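Report on one structure; see the data block that follows.
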Amino acid sequence: MLYQPWCDKEVEEDAGKQLWRLAEREGGRAAIEAILTTRIRSHYDNLVQIADDVRELGYPGAAAILSERMPRSVRARSGELGEILATELVEEHLDFKVPVRRLRYKDGREMALRGDDFVGLRLDDQANLHFLKGESKSRANLAKATISEAREALSRDDGRPTATSLLFVADRLMEGGGERWDVGRKIRNEVASRAAPPARTSHMLFTMSGNATPQAQLDDLAAAGGNRPHLSAHLRIEDHQAFIRACYERALALGND
């Protein structure tokens with residue numbers, strides 16, 4: 001568990017829309033430091049492969065490989081940590097899984113991946129696929145323009161996950177075979193038919209910032225269409241930039257944990 005020992009959560013719900021306010025509790029950050037470091041690494045590389053690099057190359061060599069996957073710029077680190085923490089929140093607190101760690105597949109350390117920031121999947125009792133289309137934003141000070149940018153992305157493609165994002169997930173799942181192949185096949189079928197109704201596609205906006213939940217995020221949720229479930233989550237990190245810097249420094253310090 002990451003969030004449970006780390007943050008207090010306040011939830012407001014109205015007509016299929018939820019607002020989550022997450023705030024660090026006293027001592028919470030220290031309690032999850034080690035697990036957060038491991039989770040960050042796992043989004044950039046398979047932990048088994050990192051361990052194999054350590055055996056083959058020692059800690060410095062393994063760290064050198066890991067550093068080639070992680071961004072160095074403040075902006076890129078902020079955005080990618082937002083995606084990581086959004087994904088972890090989904091899998092800890094929602095019924096969706098985010099089956100592909102997409103940051104492992106970047107074609108450049110500082111390059112942002114195109115498509116939806118995260119896509120969650122769930123199969124219901126009738127084996128119908130449900131989707132979670134997610135956008136994450138991380139800013140020292142979160143403002144209205146950033147919220148509007150995220151909502152615009154969520155609204156594209158009639159509110160469905162983009163075909164490019166879905167096919168990327170499907171391809172990665174089908175490489176594994178077995179049940180993952182079957183889910184990938186279902187995703188490809190959905191892309192072909194574009195038949196999933198809005199009720200099977202939920203939207204999630206995840207934000208992380210140093211300021212309190214801005215009024216713009218509340219207004220955005222209130223204005224969101226009522227034809228699908230919506231979750232808007234805000235994580236307040238008062239020392240936002242120092243927190244991000246420390247997270248990546250620890251993640252790259254292999255051998256010190």
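Simple scheme: letters A, B, ... for chains in structure tokens order, numbers from 1 for residues in each chain, numbers from 1 for ligands in the order shown.
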Can you list, as a PyMOL selection string, every protein, DNA or RNA residue that comes within 12 Å of Lys9 of chain A when you count only C-alpha atoms, leaving out same-chain residues fewer than 4 positions away? chain A and resi 3-5+18-25+89+93+233-236
Which residues, written as number ranges by chain, have at least one atom at most 10 Å from segment 190-198 of chain A, with only C-alpha atoms counted and residues fewer than 4 positions away on the same chain left out? A: 128-131, 158-164, 166-167, 170, 184-186, 202-203, 226-229
Skip Ala30 of chain A itself and residues of its chain fewer than 5 positions away, then list as number ranges by chain all residues within 12 Å of it, counting only C-alpha atoms. A: 2, 5-7, 24-25, 35-37, 243, 247
What parts of segment 178-231 of chain A does DSSP call strand (DSSP E)? I'd like the answer as a count of residues only. 11
Ranking A:Thr87, A:Thr201, A:Ser148, A:Asn46 by minimum distance to Gln217 of chain A and counting only C-alpha atoms, which one comes first? A:Ser148
Do you know which residues are at most 9 Å from Phe206 of chain A counting only C-alpha atoms, after dropping those on the same chain fewer than 4 positions away, and could you put them as a PyMOL selection string? chain A and resi 82-83+85-86+134-138+231-235
Among segment 58-241 of chain A, which ones does DSSP assign to alpha helix (DSSP H) (computed from the backbone)? Answer as a PyMOL selection string. chain A and resi 58-69+74-93+144-155+163-176+178-193+215-223+240-241
Keeping only C-alpha atoms, write the selected residues as a short mmCIF file (atom, residue, chain, number, x, y, z; two decimals), in the first residue's frame.
```cif
data_model
loop_
_atom_site.label_atom_id
_atom_site.label_comp_id
_atom_site.auth_asym_id
_atom_site.auth_seq_id
_atom_site.Cartn_x
_atom_site.Cartn_y
_atom_site.Cartn_z
CA GLY A 58 27.03 -3.99 -9.89
CA TYR A 59 25.10 -1.06 -8.49
CA PRO A 60 26.86 1.66 -10.53
CA GLY A 61 26.23 -0.12 -13.82
CA ALA A 62 22.61 -0.86 -12.98
CA ALA A 63 22.08 2.75 -11.96
CA ALA A 64 23.61 3.94 -15.23
CA ILE A 65 21.08 1.90 -17.19
CA LEU A 66 18.16 3.10 -15.08
CA SER A 67 19.27 6.72 -15.46
CA GLU A 68 19.01 6.38 -19.25
CA ARG A 69 15.27 5.80 -18.84
CA VAL A 74 12.42 19.44 -13.88
CA ARG A 75 9.42 19.68 -16.21
CA ALA A 76 9.63 16.10 -17.45
CA ARG A 77 10.16 14.69 -13.97
CA SER A 78 7.16 16.61 -12.67
CA GLY A 79 4.88 15.32 -15.40
CA GLU A 80 6.05 11.74 -15.22
CA LEU A 81 5.85 11.54 -11.44
CA GLY A 82 2.28 12.77 -11.78
CA GLU A 83 1.51 9.88 -14.13
CA ILE A 84 3.17 7.41 -11.78
CA LEU A 85 1.26 8.59 -8.73
CA ALA A 86 -2.01 8.65 -10.68
CA THR A 87 -1.48 5.06 -11.77
CA GLU A 88 -0.69 3.95 -8.23
CA LEU A 89 -3.83 5.68 -6.93
CA VAL A 90 -5.99 3.94 -9.54
CA GLU A 91 -4.68 0.50 -8.70
CA GLU A 92 -4.87 1.00 -4.94
CA HIS A 93 -8.30 2.60 -4.68
CA LYS A 144 -7.20 27.14 -14.42
CA ALA A 145 -5.41 26.91 -17.77
CA THR A 146 -3.84 23.57 -16.80
CA ILE A 147 -7.20 22.16 -15.70
CA SER A 148 -8.78 23.27 -18.98
CA GLU A 149 -5.97 21.62 -20.94
CA ALA A 150 -6.59 18.32 -19.15
CA ARG A 151 -10.34 18.48 -19.72
CA GLU A 152 -9.80 19.15 -23.41
CA ALA A 153 -7.69 15.99 -23.64
CA LEU A 154 -10.29 13.93 -21.76
CA SER A 155 -13.03 15.14 -24.11
CA ALA A 163 -7.37 4.49 -30.57
CA THR A 164 -3.59 4.95 -30.51
CA SER A 165 -3.48 4.57 -26.73
CA LEU A 166 -5.72 1.50 -26.77
CA LEU A 167 -3.77 -0.22 -29.52
CA PHE A 168 -0.52 0.47 -27.67
CA VAL A 169 -1.95 -1.25 -24.58
CA ALA A 170 -3.38 -4.10 -26.66
CA ASP A 171 -0.07 -4.74 -28.40
CA ARG A 172 1.82 -4.92 -25.10
CA LEU A 173 -0.76 -7.30 -23.60
CA MET A 174 -0.80 -9.60 -26.62
CA GLU A 175 2.98 -9.94 -26.48
CA GLY A 176 2.54 -11.76 -23.16
CA GLY A 178 -2.47 -16.19 -22.10
CA GLU A 179 -5.18 -14.11 -20.41
CA ARG A 180 -3.35 -10.91 -21.30
CA TRP A 181 -3.59 -11.86 -24.97
CA ASP A 182 -7.35 -12.33 -24.58
CA VAL A 183 -7.75 -8.86 -23.07
CA GLY A 184 -5.63 -7.38 -25.84
CA ARG A 185 -7.90 -9.05 -28.39
CA LYS A 186 -10.95 -7.51 -26.71
CA ILE A 187 -9.35 -4.08 -26.85
CA ARG A 188 -8.64 -4.41 -30.57
CA ASN A 189 -12.26 -5.44 -31.14
CA GLU A 190 -13.43 -2.34 -29.25
CA VAL A 191 -11.17 -0.12 -31.37
CA ALA A 192 -12.65 -1.59 -34.54
CA SER A 193 -16.27 -1.21 -33.50
CA GLN A 215 -11.51 26.33 -7.44
CA ALA A 216 -10.96 25.69 -11.15
CA GLN A 217 -10.75 21.95 -10.50
CA LEU A 218 -14.02 22.02 -8.57
CA ASP A 219 -15.69 24.04 -11.31
CA ASP A 220 -14.36 21.68 -13.96
CA LEU A 221 -15.84 18.65 -12.20
CA ALA A 222 -19.19 20.39 -11.73
CA ALA A 223 -19.34 21.19 -15.45
CA HIS A 240 6.28 20.15 -4.67
CA GLN A 241 9.57 20.72 -6.49
#
```
Which of these residues is nearest to Ser209 of chain A, using only C-alpha atoms: A:His230, A:Ile244, A:Arg139, A:Gly255?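 For Ser209 of chain A, the nearest of the given residues is A:Arg139.
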